[in-house]
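This is coords-v6.txt (compact mmCIF, C-alpha atoms and all ligand atoms).
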# COMPACT_ATOMS: atom_id res chain seq x y z
CA MET A 16 33.72 -4.42 4.11
CA PRO A 17 32.19 -6.12 1.12
CA VAL A 18 28.54 -7.07 1.84
CA THR A 19 25.94 -5.31 3.97
CA VAL A 20 22.65 -7.14 4.30
CA ILE A 21 19.55 -5.07 4.98
CA LEU A 22 16.58 -7.05 6.14
CA GLY A 23 13.26 -6.66 7.91
CA CYS A 24 13.06 -7.89 11.50
CA GLN A 25 9.26 -7.94 11.78
CA TRP A 26 6.45 -8.95 9.43
CA GLY A 27 7.60 -6.76 6.54
CA ASP A 28 6.89 -3.10 5.77
CA GLU A 29 9.56 -1.93 8.22
CA GLY A 30 10.75 0.82 5.89
CA LYS A 31 13.57 -1.10 4.22
CA GLY A 32 13.16 0.80 0.96
CA LYS A 33 14.14 4.09 2.54
CA VAL A 34 17.14 2.60 4.35
CA VAL A 35 18.36 0.81 1.21
CA ASP A 36 17.88 3.99 -0.78
CA LEU A 37 19.90 5.93 1.79
CA LEU A 38 22.71 3.43 2.30
CA GLY A 39 22.66 2.54 -1.38
CA GLN A 40 24.20 5.93 -2.02
CA ARG A 41 27.48 4.64 -0.64
CA ALA A 42 27.20 1.19 -2.22
CA ASP A 43 28.54 0.07 -5.57
CA VAL A 44 25.93 -2.64 -6.04
CA VAL A 45 22.42 -3.10 -4.61
CA ALA A 46 21.15 -6.65 -5.00
CA ARG A 47 17.67 -7.95 -4.23
CA TYR A 48 17.75 -11.56 -3.04
CA GLN A 49 14.24 -13.00 -2.58
CA GLY A 50 10.51 -12.51 -2.93
CA GLY A 51 8.84 -10.89 -5.89
CA ALA A 52 6.26 -8.27 -6.69
CA ASN A 53 4.59 -9.04 -3.35
CA ALA A 54 7.00 -6.47 -1.89
CA GLY A 55 6.48 -2.75 -2.13
CA HIS A 56 9.39 -0.49 -1.24
CA THR A 57 8.34 3.14 -1.10
CA ILE A 58 11.02 5.68 -1.93
CA VAL A 59 10.32 9.34 -1.21
CA TRP A 60 12.56 12.13 -2.38
CA GLY A 61 11.61 15.79 -2.60
CA ASN A 62 7.96 15.88 -3.53
CA ARG A 63 8.19 12.67 -5.45
CA SER A 64 7.53 9.13 -4.31
CA PHE A 65 7.69 5.82 -6.09
CA VAL A 66 6.86 2.27 -5.05
CA LEU A 67 9.32 -0.34 -6.28
CA HIS A 68 8.19 -3.94 -6.29
CA LEU A 69 11.03 -5.79 -8.03
CA ILE A 70 13.81 -3.40 -9.00
CA PRO A 71 16.27 -2.77 -6.14
CA SER A 72 15.95 0.60 -4.43
CA GLY A 73 19.46 1.56 -5.61
CA ILE A 74 18.08 2.32 -9.07
CA PHE A 75 17.45 5.92 -8.00
CA THR A 76 21.11 6.50 -7.22
CA ALA A 77 23.08 7.26 -10.37
CA ASP A 78 26.02 4.90 -10.98
CA THR A 79 24.74 2.20 -8.63
CA THR A 80 24.61 -1.23 -10.21
CA CYS A 81 21.37 -3.08 -9.43
CA VAL A 82 20.89 -6.83 -9.38
CA ILE A 83 17.79 -9.01 -9.21
CA GLY A 84 19.20 -12.26 -7.90
CA ASN A 85 18.36 -15.89 -8.59
CA GLY A 86 16.32 -16.07 -5.36
CA VAL A 87 13.74 -13.62 -6.67
CA VAL A 88 10.60 -14.73 -8.53
CA ILE A 89 9.82 -12.40 -11.42
CA ASP A 90 6.47 -11.57 -12.92
CA PRO A 91 7.66 -10.59 -16.43
CA ALA A 92 4.73 -8.27 -17.07
CA ALA A 93 5.19 -6.52 -13.70
CA LEU A 94 8.93 -6.13 -14.26
CA SER A 95 8.58 -4.69 -17.74
CA ARG A 96 5.98 -2.19 -16.45
CA GLU A 97 8.30 -1.21 -13.59
CA ILE A 98 11.29 -0.74 -15.91
CA ALA A 99 9.18 1.52 -18.14
CA ALA A 100 7.94 3.56 -15.16
CA VAL A 101 11.48 4.07 -13.78
CA GLU A 102 12.71 5.11 -17.23
CA ARG A 103 9.84 7.58 -17.52
CA LEU A 104 11.17 9.23 -14.34
CA GLY A 105 14.43 9.81 -16.22
CA TYR A 106 16.59 7.07 -14.66
CA HIS A 107 18.68 4.77 -16.80
CA VAL A 108 17.92 1.09 -16.38
CA LYS A 109 19.81 -0.49 -19.28
CA GLY A 110 23.39 -1.19 -18.34
CA ARG A 111 22.56 -0.68 -14.64
CA LEU A 112 19.97 -3.37 -13.90
CA HIS A 113 21.13 -6.99 -14.17
CA ILE A 114 18.71 -9.87 -13.86
CA SER A 115 19.79 -13.36 -12.90
CA LEU A 116 19.41 -16.03 -15.55
CA GLY A 117 18.46 -18.35 -12.70
CA ALA A 118 15.54 -16.32 -11.34
CA HIS A 119 12.19 -18.03 -11.76
CA LEU A 120 9.21 -16.55 -13.58
CA ILE A 121 5.73 -16.01 -12.22
CA LEU A 122 3.16 -16.73 -14.91
CA PRO A 123 -0.65 -16.29 -14.90
CA TYR A 124 -1.23 -19.90 -13.83
CA HIS A 125 0.61 -19.24 -10.56
CA LYS A 126 -1.80 -16.44 -9.71
CA ALA A 127 -4.81 -18.51 -10.76
CA LEU A 128 -3.70 -21.42 -8.58
CA GLU A 129 -2.97 -19.15 -5.63
CA LYS A 130 -6.43 -17.63 -5.88
CA ALA A 131 -8.04 -21.05 -6.00
CA ARG A 132 -5.96 -22.36 -3.08
CA GLU A 133 -6.65 -19.33 -0.91
CA ALA A 134 -10.39 -19.69 -1.63
CA ALA A 135 -10.23 -23.37 -0.73
CA ARG A 136 -8.54 -22.57 2.59
CA ALA A 137 -11.50 -20.35 3.50
CA GLN A 138 -11.10 -19.44 7.20
CA ARG A 139 -7.51 -20.70 7.17
CA ALA A 140 -6.45 -18.48 4.22
CA ILE A 141 -2.93 -17.08 4.49
CA GLY A 142 -4.05 -13.67 3.25
CA THR A 143 -1.43 -13.61 0.50
CA THR A 144 -0.79 -10.66 -1.78
CA GLY A 145 -2.19 -12.62 -4.74
CA ARG A 146 0.96 -12.12 -6.79
CA GLY A 147 1.57 -15.83 -7.45
CA ILE A 148 4.59 -16.00 -5.14
CA GLY A 149 3.84 -19.29 -3.35
CA PRO A 150 2.98 -21.35 -6.45
CA ALA A 151 6.08 -20.01 -8.27
CA TYR A 152 8.34 -21.20 -5.43
CA VAL A 153 6.44 -24.52 -5.43
CA ASP A 154 7.39 -25.00 -9.09
CA LYS A 155 10.99 -24.02 -8.33
CA ALA A 156 11.21 -26.72 -5.65
CA ALA A 157 9.35 -29.19 -7.86
CA ARG A 158 11.89 -28.48 -10.62
CA THR A 159 9.20 -27.55 -13.11
CA GLY A 160 9.76 -23.79 -12.89
CA ILE A 161 10.55 -21.59 -15.86
CA ARG A 162 13.59 -19.40 -15.44
CA VAL A 163 14.81 -16.20 -17.03
CA VAL A 164 17.34 -18.27 -19.01
CA ASP A 165 14.41 -20.07 -20.69
CA LEU A 166 13.23 -16.77 -22.15
CA LEU A 167 16.27 -16.73 -24.35
CA CYS A 168 15.26 -19.83 -26.29
CA ALA A 169 11.80 -19.69 -27.88
CA ASP A 170 11.53 -23.48 -28.31
CA THR A 171 12.39 -24.29 -24.70
CA LEU A 172 10.07 -21.56 -23.48
CA SER A 173 7.13 -22.81 -25.56
CA ALA A 174 7.61 -26.43 -24.53
CA LYS A 175 7.84 -25.56 -20.83
CA VAL A 176 4.90 -23.16 -20.80
CA ARG A 177 2.70 -25.68 -22.63
CA ALA A 178 3.64 -28.53 -20.29
CA ASN A 179 3.06 -26.42 -17.20
CA VAL A 180 -0.25 -25.02 -18.37
CA LYS A 181 -1.43 -28.57 -19.12
CA GLU A 182 -0.60 -29.67 -15.58
CA LYS A 183 -2.02 -26.54 -13.91
CA ASN A 184 -5.22 -26.75 -15.96
CA ALA A 185 -5.80 -30.26 -14.68
CA LEU A 186 -5.47 -28.93 -11.13
CA LEU A 187 -7.61 -25.90 -11.79
CA ARG A 188 -10.37 -27.97 -13.38
CA HIS A 189 -10.39 -31.16 -11.32
CA VAL A 190 -9.26 -29.97 -7.89
CA HIS A 191 -10.52 -26.41 -7.77
CA SER A 192 -13.43 -26.45 -10.27
CA SER A 193 -11.91 -23.32 -11.71
CA THR A 194 -11.44 -21.86 -15.19
CA GLU A 195 -8.65 -23.27 -17.37
CA LEU A 196 -5.99 -21.05 -18.93
CA ASP A 197 -4.85 -20.80 -22.54
CA ALA A 198 -1.19 -21.74 -23.00
CA GLU A 199 -0.86 -19.91 -26.32
CA ALA A 200 -2.24 -16.65 -24.85
CA ILE A 201 0.23 -16.88 -21.93
CA LEU A 202 3.07 -17.61 -24.32
CA SER A 203 2.31 -14.67 -26.56
CA GLU A 204 2.12 -12.32 -23.55
CA VAL A 205 5.50 -13.51 -22.26
CA ILE A 206 7.08 -13.19 -25.68
CA LYS A 207 5.67 -9.66 -25.98
CA VAL A 208 7.23 -8.43 -22.73
CA ARG A 209 10.48 -10.37 -22.72
CA ALA A 210 12.09 -7.85 -25.10
CA ALA A 211 12.01 -5.33 -22.23
CA PHE A 212 14.25 -7.27 -19.95
CA ALA A 213 15.72 -10.35 -21.64
CA PRO A 214 18.72 -8.21 -22.73
CA LEU A 215 19.36 -7.42 -19.05
CA ALA A 216 19.60 -11.12 -18.13
CA THR A 217 23.04 -12.28 -17.13
CA ASP A 218 25.02 -14.46 -14.74
CA THR A 219 24.56 -12.20 -11.72
CA THR A 220 26.51 -14.49 -9.40
CA ALA A 221 29.60 -14.04 -11.58
CA LEU A 222 28.96 -10.28 -11.58
CA LEU A 223 28.71 -10.20 -7.78
CA LEU A 224 31.76 -12.39 -7.28
CA ARG A 225 33.74 -10.06 -9.54
CA ALA A 226 32.51 -7.12 -7.48
CA LEU A 227 33.62 -8.89 -4.30
CA ALA A 228 37.04 -9.64 -5.77
CA ALA A 229 37.41 -5.93 -6.59
CA ASP A 230 36.42 -5.04 -3.00
CA ARG A 231 33.29 -3.28 -4.15
CA HIS A 232 30.60 -2.62 -1.56
CA ILE A 233 27.48 -4.73 -2.11
CA LEU A 234 24.23 -4.03 -0.38
CA ALA A 235 21.94 -7.08 -0.25
CA GLU A 236 18.31 -6.00 -0.05
CA GLY A 237 15.74 -8.27 1.52
CA ALA A 238 12.00 -8.05 1.03
CA GLN A 239 9.27 -8.90 3.58
CA GLY A 240 10.61 -9.66 7.06
CA ALA A 241 12.17 -12.39 9.21
CA LEU A 242 8.84 -13.34 10.79
CA LEU A 243 7.47 -14.16 7.32
CA ASP A 244 10.39 -16.50 6.50
CA VAL A 245 9.12 -19.87 5.27
CA ASP A 246 11.33 -21.69 7.80
CA PHE A 247 11.69 -19.23 10.66
CA GLY A 248 8.44 -17.30 10.49
CA THR A 249 4.99 -18.00 11.82
CA TYR A 250 4.35 -20.95 9.49
CA PRO A 251 2.01 -21.44 7.65
CA TYR A 252 1.27 -17.69 7.79
CA VAL A 253 4.47 -16.83 5.96
CA THR A 254 5.72 -16.01 2.52
CA SER A 255 7.41 -18.76 0.50
CA SER A 256 10.97 -17.46 0.48
CA HIS A 257 13.81 -16.65 2.89
CA PRO A 258 13.90 -12.98 3.90
CA THR A 259 16.41 -14.01 6.59
CA VAL A 260 20.16 -13.60 6.14
CA GLY A 261 20.76 -17.05 4.61
CA GLY A 262 18.49 -15.99 1.76
CA ALA A 263 21.05 -13.37 0.80
CA CYS A 264 23.63 -16.13 0.20
CA THR A 265 21.39 -18.59 -1.63
CA GLY A 266 19.46 -15.86 -3.43
CA LEU A 267 22.56 -14.18 -4.83
CA GLY A 268 25.37 -16.73 -4.76
CA ILE A 269 27.59 -14.88 -2.32
CA PRO A 270 29.45 -16.67 0.48
CA PRO A 271 28.42 -16.01 4.12
CA SER A 272 32.00 -15.06 4.93
CA ALA A 273 31.65 -12.02 2.65
CA ILE A 274 28.92 -10.53 4.86
CA SER A 275 30.38 -7.98 7.22
CA GLU A 276 27.26 -6.18 8.39
CA VAL A 277 23.62 -7.12 8.91
CA ILE A 278 21.34 -4.14 9.43
CA GLY A 279 18.02 -5.13 10.92
CA ILE A 280 15.12 -2.79 10.28
CA ALA A 281 12.36 -2.54 12.87
CA LYS A 282 9.56 -0.05 13.22
CA ALA A 283 9.08 1.56 16.63
CA TYR A 284 5.83 -0.44 16.70
CA CYS A 285 4.66 -3.50 14.75
CA THR A 286 2.42 -4.15 11.79
CA ARG A 287 1.29 -7.21 9.97
CA VAL A 288 -0.71 -7.57 6.77
CA GLY A 289 -2.46 -10.82 6.00
CA ASN A 290 -3.46 -13.44 8.52
CA GLY A 291 -1.55 -15.15 11.31
CA PRO A 292 -0.77 -14.62 14.99
CA PHE A 293 0.27 -11.16 16.19
CA PRO A 294 0.54 -11.04 20.00
CA THR A 295 0.78 -7.26 20.43
CA GLU A 296 -1.99 -6.36 17.97
CA LEU A 297 -4.11 -3.40 19.05
CA SER A 298 -7.69 -2.71 18.22
CA GLY A 299 -9.30 0.59 19.07
CA MET A 300 -7.92 4.09 19.22
CA ILE A 301 -4.20 3.37 19.53
CA GLY A 302 -4.26 0.87 16.66
CA ASP A 303 -6.15 3.47 14.61
CA HIS A 304 -3.60 6.16 15.55
CA LEU A 305 -0.73 3.97 14.31
CA ARG A 306 -2.57 3.09 11.10
CA SER A 307 -3.56 6.64 10.22
CA HIS A 308 -0.37 8.43 11.33
CA GLY A 309 1.85 5.72 9.88
CA GLN A 310 -0.21 5.38 6.70
CA GLU A 311 -0.27 1.69 7.34
CA TYR A 312 -1.86 0.48 4.15
CA GLY A 313 -0.16 -2.13 1.98
CA ALA A 314 2.12 -0.60 -0.66
CA THR A 315 1.29 -3.52 -2.96
CA THR A 316 -2.32 -4.37 -2.21
CA GLY A 317 -3.61 -1.27 -0.38
CA ARG A 318 -4.91 -3.49 2.45
CA PRO A 319 -5.07 -1.84 5.89
CA ARG A 320 -2.24 -3.21 8.02
CA ARG A 321 -2.87 -4.65 11.46
CA CYS A 322 -1.02 -2.48 14.00
CA GLY A 323 0.35 -3.14 17.48
CA TRP A 324 3.05 -2.30 20.02
CA LEU A 325 6.69 -3.08 19.47
CA ASP A 326 7.46 -6.70 20.35
CA LEU A 327 10.98 -7.19 21.71
CA VAL A 328 10.53 -10.97 22.06
CA ALA A 329 10.01 -11.19 18.31
CA LEU A 330 12.73 -8.63 17.60
CA ARG A 331 15.34 -10.43 19.73
CA TYR A 332 14.51 -13.64 17.87
CA ALA A 333 14.86 -11.93 14.48
CA ASN A 334 18.17 -10.39 15.59
CA ALA A 335 19.48 -13.73 16.77
CA ILE A 336 18.68 -15.80 13.69
CA ASN A 337 20.06 -13.11 11.38
CA GLY A 338 23.15 -12.13 13.35
CA VAL A 339 22.01 -8.50 13.23
CA THR A 340 24.94 -6.19 13.91
CA GLU A 341 22.98 -2.93 14.06
CA LEU A 342 19.36 -1.87 14.22
CA ALA A 343 17.60 0.88 12.30
CA VAL A 344 14.46 2.03 14.13
CA THR A 345 11.94 3.46 11.70
CA LYS A 346 8.76 5.51 11.97
CA LEU A 347 9.52 6.84 15.45
CA ASP A 348 7.54 9.98 14.51
CA VAL A 349 4.35 7.93 14.22
CA LEU A 350 4.27 7.49 18.01
CA SER A 351 4.08 11.28 18.58
CA GLY A 352 0.90 12.28 20.36
CA LEU A 353 0.57 9.12 22.45
CA ASP A 354 0.62 9.67 26.23
CA LEU A 355 2.31 6.36 26.81
CA VAL A 356 4.13 3.82 24.72
CA ARG A 357 4.18 0.11 25.50
CA VAL A 358 6.87 -2.37 24.59
CA CYS A 359 6.38 -6.12 24.87
CA THR A 360 9.28 -7.68 26.78
CA GLY A 361 7.96 -11.20 27.39
CA TYR A 362 5.02 -13.53 26.80
CA ARG A 363 2.81 -15.46 29.15
CA ILE A 364 1.76 -18.74 27.59
CA GLY A 365 -0.61 -20.54 29.95
CA ALA A 366 1.03 -20.40 33.40
CA GLU A 367 4.52 -19.96 31.94
CA ARG A 368 6.40 -16.73 31.37
CA THR A 369 8.82 -16.86 28.46
CA ASP A 370 11.08 -14.56 26.53
CA GLN A 371 11.46 -17.08 23.70
CA PHE A 372 9.57 -16.52 20.46
CA PRO A 373 7.48 -19.60 19.58
CA THR A 374 7.29 -20.03 15.82
CA ASP A 375 4.46 -22.51 16.15
CA ALA A 376 1.46 -20.44 15.08
CA GLN A 377 -0.83 -21.95 17.72
CA ALA A 378 1.61 -21.33 20.60
CA LEU A 379 2.06 -17.76 19.42
CA ARG A 380 -1.69 -17.31 19.22
CA ASP A 381 -1.86 -18.30 22.89
CA ALA A 382 0.90 -15.86 23.91
CA ALA A 383 -0.25 -12.93 26.02
CA PRO A 384 2.22 -10.03 25.86
CA ILE A 385 3.88 -8.71 29.02
CA TYR A 386 4.45 -4.98 28.62
CA THR A 387 6.76 -2.34 29.96
CA THR A 388 5.10 1.07 29.80
CA LEU A 389 7.13 4.16 28.93
CA ALA A 390 6.09 7.78 28.80
CA GLY A 391 5.14 9.09 25.37
CA TRP A 392 5.63 12.56 23.88
CA ASN A 393 3.39 15.17 22.33
CA GLU A 394 5.89 17.09 20.23
CA ASP A 395 5.81 16.50 16.47
CA ILE A 396 9.24 14.96 15.81
CA ARG A 397 8.77 14.52 12.06
CA GLY A 398 11.94 15.40 10.20
CA ILE A 399 14.19 15.78 13.25
CA ARG A 400 17.77 15.01 12.19
CA THR A 401 19.75 14.99 15.42
CA TYR A 402 19.36 12.69 18.36
CA GLY A 403 19.70 15.51 20.88
CA ALA A 404 16.71 17.30 19.36
CA LEU A 405 14.36 14.41 20.18
CA PRO A 406 12.24 14.69 23.32
CA GLN A 407 13.82 12.86 26.26
CA THR A 408 11.00 10.29 26.30
CA ALA A 409 11.63 9.43 22.63
CA ARG A 410 15.33 9.00 23.41
CA ASP A 411 14.38 6.81 26.37
CA LEU A 412 12.41 4.56 24.04
CA VAL A 413 15.35 4.21 21.63
CA ALA A 414 17.70 3.45 24.52
CA PHE A 415 15.17 0.91 25.84
CA ILE A 416 15.15 -0.84 22.45
CA ALA A 417 18.97 -0.96 22.35
CA ARG A 418 19.14 -2.32 25.93
CA GLY A 419 16.23 -4.74 25.47
CA THR A 420 17.70 -6.27 22.32
CA GLY A 421 21.39 -5.98 23.17
CA LYS A 422 21.96 -4.35 19.75
CA PRO A 423 23.21 -0.88 18.92
CA VAL A 424 20.80 1.44 17.17
CA GLY A 425 22.58 3.14 14.27
CA MET A 426 19.76 4.89 12.54
CA ILE A 427 16.42 6.40 13.47
CA SER A 428 13.88 7.38 10.88
CA THR A 429 11.63 10.36 11.64
CA GLY A 430 9.77 10.56 8.32
CA PRO A 431 9.63 8.96 4.88
CA ARG A 432 12.13 11.32 3.16
CA ARG A 433 15.83 10.49 2.84
CA SER A 434 16.65 13.60 4.86
CA GLU A 435 14.31 12.68 7.74
CA THR A 436 16.88 10.44 9.33
CA ILE A 437 19.10 10.51 12.42
CA ARG A 438 22.47 8.70 12.24
CA VAL A 439 23.55 7.75 15.77
CA ARG A 440 25.25 5.07 17.79
CA ILE A 441 23.11 4.17 20.78
CA ASN A 442 24.83 1.26 22.45
CA PRO A 443 22.91 -1.28 24.53
P1 LIG B 501 2.71 -13.89 -0.29
O1 LIG B 501 4.11 -13.45 -0.08
O2 LIG B 501 1.97 -13.05 -1.28
O3 LIG B 501 2.61 -15.35 -0.57
O4 LIG B 501 1.92 -13.65 1.08
C1 LIG B 501 2.22 -14.40 2.25
C2 LIG B 501 2.12 -13.53 3.50
O5 LIG B 501 3.18 -12.59 3.47
C3 LIG B 501 0.82 -12.73 3.59
O6 LIG B 501 0.49 -12.57 4.95
C4 LIG B 501 1.23 -11.39 3.02
O7 LIG B 501 0.40 -10.34 3.47
C5 LIG B 501 2.64 -11.28 3.56
N1 LIG B 501 3.49 -10.41 2.73
C6 LIG B 501 4.01 -10.67 1.52
N2 LIG B 501 4.75 -9.64 1.08
C7 LIG B 501 4.70 -8.71 2.03
C8 LIG B 501 5.30 -7.42 2.18
O8 LIG B 501 6.05 -6.93 1.33
N3 LIG B 501 5.02 -6.77 3.34
C9 LIG B 501 4.24 -7.30 4.30
N4 LIG B 501 3.67 -8.49 4.22
C10 LIG B 501 3.90 -9.19 3.09
Kindly transcribe the structure held in the file into structure tokens.
Amino acid sequence: MPVTVILGCQWGDEGKGKVVDLLGQRADVVARYQGGANAGHTIVWGNRSFVLHLIPSGIFTADTTCVIGNGVVIDPAALSREIAAVERLGYHVKGRLHISLGAHLILPYHKALEKAREAARAQRAIGTTGRGIGPAYVDKAARTGIRVVDLLCADTLSAKVRANVKEKNALLRHVHSSTELDAEAILSEVIKVRAAFAPLATDTTALLLRALAADRHILAEGAQGALLDVDFGTYPYVTSSHPTVGGACTGLGIPPSAISEVIGIAKAYCTRVGNGPFPTELSGMIGDHLRSHGQEYGATTGRPRRCGWLDLVALRYANAINGVTELAVTKLDVLSGLDLVRVCTGYRIGAERTDQFPTDAQALRDAAPIYTTLAGWNEDIRGIRTYGALPQTARDLVAFIARGTGKPVGMISTGPRRSETIRVRINP
């Protein structure tokens, strides 16, 4: 069974980092396939915790090979800081982390343009993480992007940075009335940090294909979530990459036929950070309970996350487009202390009832959730490791999720630590 894809089935922050960290212990290779430093994967072990933004979560498992694929956009300064921080914790990075020559770079002009564009959108702002992700993918599609391979040749790098800064400055000045950037300053910064990771740059597709040929187990790690996919998410309130399963193929260079397992991660409730429609969003005490008990603050930006009930319409859609073979339900412990738990099983849009997820942002904004109400539980279930030890009402919720999605639940997370996990097989 060569490739397992682990991806988020909601709007990101489902707890993928923990699941990748856990399953990465039995993988030979962990490969990140899209997004950039907009992601924040929190790994907790013992009394220590660390937030990874670019390096795959497998880096904390000795002997695991880690790959940053061509589908990722890399902020060179952020990556070199992250490498240094992981090394300070005593983990080896050199020889274990491999960075695709084809991955695109995020440079200061991407962040400047993003800031200017978000300001110009005013009320219609996407609420991005401000990490330059969108503009970097724009350059990739426009074929003006600068890739890791360009770092290896000083002349090419200088020529490309200068040409891009010239173009972006014209936009910044004439379209956005914003401050221009200095190409030489950007260039010297990039040259300063490239020493940290240019030696790790390689043909990662060849590396992964060799691993496949040797029947090594590859874990493909997605960032964000299916509902933020630029094609399948709630456009335009999306990120600019493909967190969905196809992104694993195009972001790494592995064939779809090599994928044997797709593990979909979903919280036992929903969160969203940034703007865009969110049918089950809660304001008031229950939303506050989820935010405070679940520590729902962005791992990258610190922004409070919007919280709401679990949405099975959205989850079934995410499962369907990704071919999810098994679900991992995370943060079940956060629901402890609620008298009742609601799960959205359909939408009413105008006079119509539907169980289809509309990706048109306006239609979704008009969707009123139809709920099934289940009994909650008062017991603190944090850290419980066996299914039988959960209160009956918590088990009923898990069984409801399996039945309502038609997918088996293979893992339940009851806390942020590796050990706070239940491995089960709850069939629909
Ligand atoms: P961008 O990816 O920074 O362009 O942001 C686009 C949208 O995706 C915004 O709503 C962000 O809040 C959201 N987003 C980006 N990365 C993450 C993430 O890792 N978790 C949750 N939301 C994210």
Enclose region 275-283 of chain A, meaning all of its atoms listed in the file, in a box aligned along x, y and z, pad it by 3 Å on each side, and list the centre and edge lengths in Å to one decimal, as JSON.
{"center_x": 19.7, "center_y": -3.2, "center_z": 11.9, "size_x": 27.3, "size_y": 15.5, "size_z": 15.4}
| field | Nearest residue to ligand LIG 501 (chain B) from the set A:His308, A:Arg139, A:Arg103, A:Arg418 (distances using only C-alpha atoms and all ligand atoms) | value |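 Answer, going by the shortest atom-to-atom distance: A:Arg139.
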| request: Name each residue within 8 Å of ligand LIG 501 (chain B), counting all atoms listed in the file, as a ChimeraX atom specification. | output: /A:26-28,50-51,53-56,141-149,238-240,243,252-256,287-291,313-315
| field | Between CA of Val45 (chain A) and CA of Thr249 (chain A) - distance in Å to one decimal | value |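 Those two atoms sit 28.2 Å apart.
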| To one decimal place, how far is CA of Gly266 (chain A) from CA of Val87 (chain A) in Å? |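 Between CA of Gly266 (chain A) and CA of Val87 (chain A) the gap is 6.9 Å.
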| said: From the options A:Thr388, A:Asn62, A:Thr374, A:Thr340, which residue's atoms come nearest to Asp244 (chain A), counting all atoms listed in the file? | reply: A:Thr374
| query | Lys282 (chain A): which residues within 8 Å, counting only C-alpha atoms, same-chain residues fewer than 6 positions away excluded, as JSON, numbers by chain? | reply | {"A": [29, 30, 325, 344, 345, 346, 347]}
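Here the question is which of A:Val424, A:Ala409, A:Thr401, A:Ala263 gets nearest to Ile437 (chain A) using all atoms listed in the file, and that residue is A:Thr401.
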| message | Residues proximal to (18.2, 3.6, -15.6) were defined as those with any atom within 12 Å of that point in the file's coordinates, counting all atoms listed in the file. Which are they, as a ChimeraX atom specification? | response | /A:70-81,97-113,215
Please produce a file of the residues just selected, as a CSV table (one decimal), in the frame of the given file, where the atoms kept are C-alpha atoms.
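Resulting contents of out10.csv:
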chain,number,residue,atom,x,y,z
A,70,ILE,CA,13.8,-3.4,-9.0
A,71,PRO,CA,16.3,-2.8,-6.1
A,72,SER,CA,16.0,0.6,-4.4
A,73,GLY,CA,19.5,1.6,-5.6
A,74,ILE,CA,18.1,2.3,-9.1
A,75,PHE,CA,17.4,5.9,-8.0
A,76,THR,CA,21.1,6.5,-7.2
A,77,ALA,CA,23.1,7.3,-10.4
A,78,ASP,CA,26.0,4.9,-11.0
A,79,THR,CA,24.7,2.2,-8.6
A,80,THR,CA,24.6,-1.2,-10.2
A,81,CYS,CA,21.4,-3.1,-9.4
A,97,GLU,CA,8.3,-1.2,-13.6
A,98,ILE,CA,11.3,-0.7,-15.9
A,99,ALA,CA,9.2,1.5,-18.1
A,100,ALA,CA,7.9,3.6,-15.2
A,101,VAL,CA,11.5,4.1,-13.8
A,102,GLU,CA,12.7,5.1,-17.2
A,103,ARG,CA,9.8,7.6,-17.5
A,104,LEU,CA,11.2,9.2,-14.3
A,105,GLY,CA,14.4,9.8,-16.2
A,106,TYR,CA,16.6,7.1,-14.7
A,107,HIS,CA,18.7,4.8,-16.8
A,108,VAL,CA,17.9,1.1,-16.4
A,109,LYS,CA,19.8,-0.5,-19.3
A,110,GLY,CA,23.4,-1.2,-18.3
A,111,ARG,CA,22.6,-0.7,-14.6
A,112,LEU,CA,20.0,-3.4,-13.9
A,113,HIS,CA,21.1,-7.0,-14.2
A,215,LEU,CA,19.4,-7.4,-19.0
| query | Which is closer to Tyr402 (chain A) than all the others in A:Leu167, A:Thr429, A:Ile278, A:Val20, using all atoms listed in the file? | reply | A:Thr429
| field | Ala281 (chain A) surroundings by all atoms listed in the file, 12 Å radius, close-in-sequence under 5 positions cut, as number ranges by chain | value | A: 21-31, 34, 239-242, 286, 324-327, 329-331, 333-334, 339, 341-347, 413, 416-417, 420, 422, 424-428
| task | One decimal, Å: what's the distance from CA of Phe212 (chain A) over to CA of Leu267 (chain A), could you say? | result | 18.6 Å
| task | Would you mind telling me which residue in A:Ala156, A:Leu116, A:Leu223, A:Cys359 lies nearest to Gly268 (chain A) when using only C-alpha atoms? | result |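 Among the listed residues, the smallest separation from Gly268 (chain A) belongs to A:Leu223.
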| Selected residue, from A:Asn184, A:Asn393, A:Ser192, A:Ser173, that lies nearest to Glu204 (chain A) when counting all atoms listed in the file |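 Closest residue, counting all atoms listed in the file: A:Ser173.
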| said: Counting all atoms listed in the file, find residues at most 10 Å from (9.6, -24.5, -11.9) (file frame) and give them as a list in words. | reply: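 Within the cut-off we find His119, Leu120, Ile121, Pro150, Ala151, Tyr152, Val153, Asp154, Lys155, Ala156, Ala157, Arg158, Thr159, Gly160, Ile161, Arg162, Lys175 and Asn179 of chain A.
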| said: Would you pick out the contacts of Lys33 (chain A) at 10 Å or less, using all atoms listed in the file, so that residues sharing its chain but fewer than 6 positions from it are not included, and give the list as a list of chain:residue names? | reply: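 After dropping sequence-adjacent residues, the list is A:Gly39, A:His56, A:Thr57, A:Ile58, A:Val59, A:Trp60, A:Ser72, A:Thr345, A:Ser428, A:Gly430, A:Pro431, A:Arg432, A:Arg433, A:Thr436.
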| field | Close residues, Gly365 (chain A) itself excluded, 9 Å, only C-alpha atoms, min 5 positions apart in chain, as a ChimeraX atom specification | value | /A:381-383
